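Everything below concerns the one structure shown next.
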Number of protein chains: 2
Amino acid sequence: MAITKESIIKALSTVQDPDLKKDLVSLNMIKDVSVDGNAIHFTVVLTTPACPLKEMIKTDCINAIHKHVGEDVQVFPNMTSDVTSTRNTAPLLPNVKNIIAIGSGKGGVGKSTVTANLAVSLAQSGAKVGLIDADIFGPSIPTMFNCEHEQPEVKEINGKNTIIPIEQYGIKLISIGFLTPPDNAVVWRGPMASSALKQFISDTDWGELDYLLIDLPPGTSDIHLTLVQTIPVTGSVIVTTPQKVALADAKKAIGMFKQPQINVPILGLVENMAYFTPAELPDNKYFIFGEGGGMKLSEQFDIPFIGQMPLVQSIRESGDSGLPAVMKDDVTADAFKELSQKLARQVAIRNANLAETKKVEMIN
Amino acid sequence: MAITKESIIKALSTVQDPDLKKDLVSLNMIKDVSVDGNAIHFTVVLTTPACPLKEMIKTDCINAIHKHVGEDVQVFPNMTSDVTSTRNTAPLLPNVKNIIAIGSGKGGVGKSTVTANLAVSLAQSGAKVGLIDADIFGPSIPTMFNCEHEQPEVKEINGKNTIIPIEQYGIKLISIGFLTPPDNAVVWRGPMASSALKQFISDTDWGELDYLLIDLPPGTSDIHLTLVQTIPVTGSVIVTTPQKVALADAKKAIGMFKQPQINVPILGLVENMAYFTPAELPDNKYFIFGEGGGMKLSEQFDIPFIGQMPLVQSIRESGDSGLPAVMKDDVTADAFKELSQKLARQVAIRNANLAETKKVEMIN
Ligand SMILES: Nc1ncnc2c1ncn2[C@@H]1O[C@H](COP(=O)(O)OP(=O)(O)OP(=O)(O)O)[C@@H](O)[C@H]1O
Ligand SMILES: Nc1ncnc2c1ncn2[C@@H]1O[C@H](COP(=O)(O)OP(=O)(O)OP(=O)(O)O)[C@@H](O)[C@H]1O
Ligand SMILES: [Mg+2]
Ligand SMILES: [Mg+2]
């Protein structure tokens, strides 16, 4: 049988993307098919460089060609990615493909830690990542990225004063912590804080990004409203710890994102500080903050459960020292990597199935 | 030598209050001296029923009388208390002797837990205690007091609609959690939240209180400003955990209270979640969140270090079950009791040495 582009495409149209539940050809993920004698080359454009199914899809493609085209052909799939977006025609930051807000309701559950590690992990996989520290009163990002003393430049771009984000570990960062002295309290009412956030969104040179992560403060107030009223948010991630008082506040955050006027898709739930295991007792799990609360909440509200992180001293140390835990080479780093891959998948699924989020009109 | 009232008072004027560093007679703490043959009666009015020095002062009084009046007299000191105040002529809530705000900057460090246990412990010692949950977006007090489904009555008092606080464990409580359904997010901008707090202060029937505790939300924004602009706060307590990102935010909270226009005395610092000790390894301390950060901070800012609480699963459980840990009978309860006594002392010292806090004018 002659090897034709058509036969190759037909063969590849039997391969499904397990997340998007359609075949690769319909999904427009196959490019640059070429035949050179016995050798078949083509490119598979995945929806994210952090795709955990990359190897599986690659093998599926090779197997499909062997089955449908010929057993003795040589198959050379070139695995690449182009992060999907629903924001290509957005009026503000159209070159930012996905805006993802990380919230919790409750304070101190690990939003900033999760955000920092997600950002680094996504960047490590090859994505272009930015991070807005939207916690104006308790900015943690400068410490967590070891750049507390950096000061962003301001440049005139197209006649507008524009903040140039700080770059650290390949991630573009902005935080009020770069603009005010660390020991000074920023004692501001909501409108001042909101206008800082608006500047971080509109007056900052984000360039092209695959993912812009927003580290939210606790609560459901000015910053949250200003965010969704300034720029439509692709999706949100809920971080919670397992205890009742944290779950109660997580429900409030979920309730906020689900409000009909706000309507930001919830991409996943992370349970943090799930249990503690002392080095001397590796088989023991101490459920200091309770057990299973995150999983139950995700079931109750039908939100994908994208990860569970134990309470590990090195995670806290990494935060304080400014070298995110995912940059090390251990099980904790692997767990954060898995988390980032699961989130990236949920973004792709969301983009395949839902329209662009709408900007929220003034609700109060 | 004849036993006279004068000789008794002279003897008691050699006894110092170790905190206030003056003698009991000058401090006006001796009342109702009477002599009945060989028996001497008098009342010692301490500055707080939670006074940890009660027994010591009693012994000092007995010894002073034996030394200066006669070895063979019988001494019957009646130890009582009258909580001091600088607020007796305040325009708002003059019958509330002390208003104490518990803040942290950072979220999730244990403000609500510490506040709940302080409240119960002060009430157990005999004080009249009220508690305002000023966390409008993440109210924890209803859960921590097991009264999530209570609904406060509203009564007309002097022609004004007045909220009657919920009473639990002898403490008067108010929280937004009593007024809104638990699963509903309160998505409000600052002014709405501030007006709720104002109602909790001005339109609530607090009656006579020795201590009104205010459980603050994280941050340094609308609620904090509204509080100090609505009612002068006697003093504040800073709760922190030991890690760098928490200390950074605690510094911001300290900075806020110390701002010249705000100027709320800081009564003490509590380090929470200091270390974890598994039951199986009672000699081990795991400093998950770092070591010694609270102590260092208190030295740096010259704030009394009033307590260190370890990370204990039963504290979290007590919070979730609504029975504050101090109500049990164990070392954790004792530690919270000691904390409340140290705070009560600091309130008395503050009242003896400083004038009433001034109401803050609009600063922004
Ligand atoms: N899994 C974990 N194990 C150990 N420490 C952790 C873990 N997750 C977070 N921490 C630590 O707990 C503290 C709180 O985490 P973090 O600051 O990320 O929470 P947050 O939700 O952003 O808090 P806030 O509401 O104040 O913004 C930090 O010191 C962080 O290093
Ligand atoms: N010493 C402790 N040991 C164990 N758990 C604790 C301890 N202190 C507080 N907790 C638990 O930690 C969680 C956070 O505490 P809490 O809600 O009191 O903090 P907070 O500062 O009021 O948080 P927020 O900023 O959200 O208001 C709660 O589940 C509480 O039960
Ligand atoms: Mg944070
Ligand atoms: Mg609280």
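Simple scheme: letters A, B, ... for chains in structure tokens order, numbers from 1 for residues in each chain, numbers from 1 for ligands in the order shown.
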
Surroundings of ligand 2 up to 6 Å, based on only C-alpha atoms and all ligand atoms, as a ChimeraX atom specification: /A:106-107,243,245 /B:107-113,217-218,272-273,309-313,315-316,319

Please build the interface table for chain A against ligand 3 with a cut-off of 12 Å, listing for each qualifying residue the nearest atom pair and the distance in Å to one decimal; count only C-alpha atoms and all ligand atoms, order rows by chain and increasing number, and write it as JSON lines.
```
{"residue": "A:Ile102", "atom": "CA", "partner": "ligand 3", "partner_atom_place_in_ligand_line": "1 (Mg)", "distance": 9.5}
{"residue": "A:Gly103", "atom": "CA", "partner": "ligand 3", "partner_atom_place_in_ligand_line": "1 (Mg)", "distance": 9.0}
{"residue": "A:Ser104", "atom": "CA", "partner": "ligand 3", "partner_atom_place_in_ligand_line": "1 (Mg)", "distance": 9.6}
{"residue": "A:Gly105", "atom": "CA", "partner": "ligand 3", "partner_atom_place_in_ligand_line": "1 (Mg)", "distance": 11.0}
{"residue": "A:Lys106", "atom": "CA", "partner": "ligand 3", "partner_atom_place_in_ligand_line": "1 (Mg)", "distance": 10.1}
{"residue": "A:Gly107", "atom": "CA", "partner": "ligand 3", "partner_atom_place_in_ligand_line": "1 (Mg)", "distance": 7.3}
{"residue": "A:Gly108", "atom": "CA", "partner": "ligand 3", "partner_atom_place_in_ligand_line": "1 (Mg)", "distance": 6.6}
{"residue": "A:Val109", "atom": "CA", "partner": "ligand 3", "partner_atom_place_in_ligand_line": "1 (Mg)", "distance": 8.2}
{"residue": "A:Gly110", "atom": "CA", "partner": "ligand 3", "partner_atom_place_in_ligand_line": "1 (Mg)", "distance": 6.6}
{"residue": "A:Lys111", "atom": "CA", "partner": "ligand 3", "partner_atom_place_in_ligand_line": "1 (Mg)", "distance": 5.3}
{"residue": "A:Ser112", "atom": "CA", "partner": "ligand 3", "partner_atom_place_in_ligand_line": "1 (Mg)", "distance": 4.1}
{"residue": "A:Thr113", "atom": "CA", "partner": "ligand 3", "partner_atom_place_in_ligand_line": "1 (Mg)", "distance": 7.3}
{"residue": "A:Val114", "atom": "CA", "partner": "ligand 3", "partner_atom_place_in_ligand_line": "1 (Mg)", "distance": 9.2}
{"residue": "A:Thr115", "atom": "CA", "partner": "ligand 3", "partner_atom_place_in_ligand_line": "1 (Mg)", "distance": 8.8}
{"residue": "A:Ala116", "atom": "CA", "partner": "ligand 3", "partner_atom_place_in_ligand_line": "1 (Mg)", "distance": 9.9}
{"residue": "A:Ile132", "atom": "CA", "partner": "ligand 3", "partner_atom_place_in_ligand_line": "1 (Mg)", "distance": 11.4}
{"residue": "A:Asp133", "atom": "CA", "partner": "ligand 3", "partner_atom_place_in_ligand_line": "1 (Mg)", "distance": 8.2}
{"residue": "A:Ala134", "atom": "CA", "partner": "ligand 3", "partner_atom_place_in_ligand_line": "1 (Mg)", "distance": 8.7}
{"residue": "A:Asp135", "atom": "CA", "partner": "ligand 3", "partner_atom_place_in_ligand_line": "1 (Mg)", "distance": 6.5}
{"residue": "A:Ile136", "atom": "CA", "partner": "ligand 3", "partner_atom_place_in_ligand_line": "1 (Mg)", "distance": 9.8}
{"residue": "A:Phe137", "atom": "CA", "partner": "ligand 3", "partner_atom_place_in_ligand_line": "1 (Mg)", "distance": 9.6}
{"residue": "A:Gly138", "atom": "CA", "partner": "ligand 3", "partner_atom_place_in_ligand_line": "1 (Mg)", "distance": 6.8}
{"residue": "A:Pro139", "atom": "CA", "partner": "ligand 3", "partner_atom_place_in_ligand_line": "1 (Mg)", "distance": 6.5}
{"residue": "A:Ser140", "atom": "CA", "partner": "ligand 3", "partner_atom_place_in_ligand_line": "1 (Mg)", "distance": 5.7}
{"residue": "A:Ile141", "atom": "CA", "partner": "ligand 3", "partner_atom_place_in_ligand_line": "1 (Mg)", "distance": 7.7}
{"residue": "A:Pro142", "atom": "CA", "partner": "ligand 3", "partner_atom_place_in_ligand_line": "1 (Mg)", "distance": 11.0}
{"residue": "A:Thr143", "atom": "CA", "partner": "ligand 3", "partner_atom_place_in_ligand_line": "1 (Mg)", "distance": 10.9}
{"residue": "A:Met144", "atom": "CA", "partner": "ligand 3", "partner_atom_place_in_ligand_line": "1 (Mg)", "distance": 10.0}
{"residue": "A:Ser175", "atom": "CA", "partner": "ligand 3", "partner_atom_place_in_ligand_line": "1 (Mg)", "distance": 11.5}
{"residue": "A:Ile214", "atom": "CA", "partner": "ligand 3", "partner_atom_place_in_ligand_line": "1 (Mg)", "distance": 10.4}
{"residue": "A:Asp215", "atom": "CA", "partner": "ligand 3", "partner_atom_place_in_ligand_line": "1 (Mg)", "distance": 6.6}
{"residue": "A:Leu216", "atom": "CA", "partner": "ligand 3", "partner_atom_place_in_ligand_line": "1 (Mg)", "distance": 6.9}
{"residue": "A:Pro217", "atom": "CA", "partner": "ligand 3", "partner_atom_place_in_ligand_line": "1 (Mg)", "distance": 5.9}
{"residue": "A:Pro218", "atom": "CA", "partner": "ligand 3", "partner_atom_place_in_ligand_line": "1 (Mg)", "distance": 7.5}
{"residue": "A:Gly219", "atom": "CA", "partner": "ligand 3", "partner_atom_place_in_ligand_line": "1 (Mg)", "distance": 11.2}
{"residue": "A:Val239", "atom": "CA", "partner": "ligand 3", "partner_atom_place_in_ligand_line": "1 (Mg)", "distance": 10.7}
{"residue": "A:Gly319", "atom": "CA", "partner": "ligand 3", "partner_atom_place_in_ligand_line": "1 (Mg)", "distance": 10.9}
```

Could you tell me which of B:Glu71, B:Glu271, B:Asp32, B:Glu280 comes closest to chain A if we count only C-alpha atoms? B:Glu280

Just asking: which residues within segment 75-257 of chain B are strand (DSSP E) according to DSSP, as a ChimeraX atom specification? /B:75-81,96-103,129-133,154-157,160-163,166-168,171-174,209-215,235-240

Which polymer residues have any atom within 10 Å of an atom of His149 of chain A, counting only C-alpha atoms, with same-chain residues fewer than 4 positions away left out, as a PDB file with N, CA, C and O atoms, in the first residue's frame?
```pdb
ATOM      1  N   PRO A 142       7.258  38.380  46.547  1.00  0.00           N
ATOM      2  CA  PRO A 142       8.676  38.794  46.518  1.00  0.00           C
ATOM      3  C   PRO A 142       9.565  37.896  47.395  1.00  0.00           C
ATOM      4  O   PRO A 142      10.645  37.490  46.959  1.00  0.00           O
ATOM      5  N   THR A 143       9.108  37.550  48.593  1.00  0.00           N
ATOM      6  CA  THR A 143       9.878  36.641  49.448  1.00  0.00           C
ATOM      7  C   THR A 143       9.967  35.260  48.808  1.00  0.00           C
ATOM      8  O   THR A 143      11.049  34.663  48.751  1.00  0.00           O
ATOM      9  N   GLY A 177       4.850  44.574  46.833  1.00  0.00           N
ATOM     10  CA  GLY A 177       6.083  44.454  47.599  1.00  0.00           C
ATOM     11  C   GLY A 177       7.290  45.049  46.888  1.00  0.00           C
ATOM     12  O   GLY A 177       8.272  45.421  47.529  1.00  0.00           O
ATOM     13  N   PHE A 178       7.236  45.160  45.553  1.00  0.00           N
ATOM     14  CA  PHE A 178       8.339  45.779  44.809  1.00  0.00           C
ATOM     15  C   PHE A 178       8.267  47.304  44.851  1.00  0.00           C
ATOM     16  O   PHE A 178       9.207  47.978  44.464  1.00  0.00           O
ATOM     17  N   LEU A 179       7.114  47.818  45.274  1.00  0.00           N
ATOM     18  CA  LEU A 179       6.870  49.256  45.133  1.00  0.00           C
ATOM     19  C   LEU A 179       6.804  49.992  46.463  1.00  0.00           C
ATOM     20  O   LEU A 179       6.790  51.217  46.499  1.00  0.00           O
ATOM     21  N   THR A 180       6.751  49.244  47.576  1.00  0.00           N
ATOM     22  CA  THR A 180       6.683  49.887  48.895  1.00  0.00           C
ATOM     23  C   THR A 180       7.733  49.241  49.795  1.00  0.00           C
ATOM     24  O   THR A 180       8.060  48.069  49.620  1.00  0.00           O
ATOM     25  N   PRO A 181       8.266  49.993  50.785  1.00  0.00           N
ATOM     26  CA  PRO A 181       9.282  49.410  51.670  1.00  0.00           C
ATOM     27  C   PRO A 181       8.678  48.257  52.473  1.00  0.00           C
ATOM     28  O   PRO A 181       7.530  48.352  52.918  1.00  0.00           O
ATOM     29  N   PRO A 182       9.431  47.165  52.672  1.00  0.00           N
ATOM     30  CA  PRO A 182       8.876  45.953  53.288  1.00  0.00           C
ATOM     31  C   PRO A 182       8.263  46.175  54.674  1.00  0.00           C
ATOM     32  O   PRO A 182       7.250  45.562  54.995  1.00  0.00           O
TER      33      PRO A 182
END
```

So what do you get for atom CA of Pro77 of chain A versus atom CA of Ser26 of chain A, distance-wise?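 So the two atoms, atom CA of Pro77 of chain A and atom CA of Ser26 of chain A, lie 17.5 Å apart.
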
Shortest interatomic distance to ligand 4 - which of A:Ile266, A:Asp249, A:Ser321, A:Leu281, counting only C-alpha atoms and all ligand atoms: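 Selected residue with least distance to ligand 4: A:Asp249.
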
Can you list, as a list of chain:residue names, every protein, DNA or RNA residue that comes within 9 Å of segment 8-11 of chain A when you count only C-alpha atoms, leaving out same-chain residues fewer than 4 positions away?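 Contacts, in chain order: A:Ile3, A:Thr4, A:Val15, A:Val25, A:Ile30, A:Val33, A:Ile40, A:Cys61, A:Ala64, A:Ile65, A:His66, A:Lys67, A:His68, A:Val69.
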
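Between ligand 1 and the residues B:Phe336, B:Phe200, B:Tyr169, B:Tyr286, the shortest atom-to-atom distance, using only C-alpha atoms and all ligand atoms, involves B:Tyr286.
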
Would you mind writing down, as a PyMOL selection string, each residue of segment 249-289 of chain B that DSSP on the backbone assigns to helix (DSSP H, G or I)? chain B and resi 249-258

Keeping only C-alpha atoms, write the selected residues as an mmCIF file, in the first residue's frame.
```cif
data_model
loop_
_atom_site.group_PDB
_atom_site.id
_atom_site.type_symbol
_atom_site.label_atom_id
_atom_site.label_comp_id
_atom_site.auth_asym_id
_atom_site.auth_seq_id
_atom_site.Cartn_x
_atom_site.Cartn_y
_atom_site.Cartn_z
ATOM 1 C CA ASP B 249 2.982 40.667 57.540
ATOM 2 C CA ALA B 250 3.041 40.907 61.352
ATOM 3 C CA LYS B 251 5.465 43.806 60.931
ATOM 4 C CA LYS B 252 2.922 45.474 58.706
ATOM 5 C CA ALA B 253 0.220 45.036 61.368
ATOM 6 C CA ILE B 254 2.585 46.438 64.001
ATOM 7 C CA GLY B 255 3.410 49.289 61.646
ATOM 8 C CA MET B 256 -0.279 50.035 61.229
ATOM 9 C CA PHE B 257 -0.999 50.186 64.974
ATOM 10 C CA LYS B 258 2.111 52.314 65.515
#
```
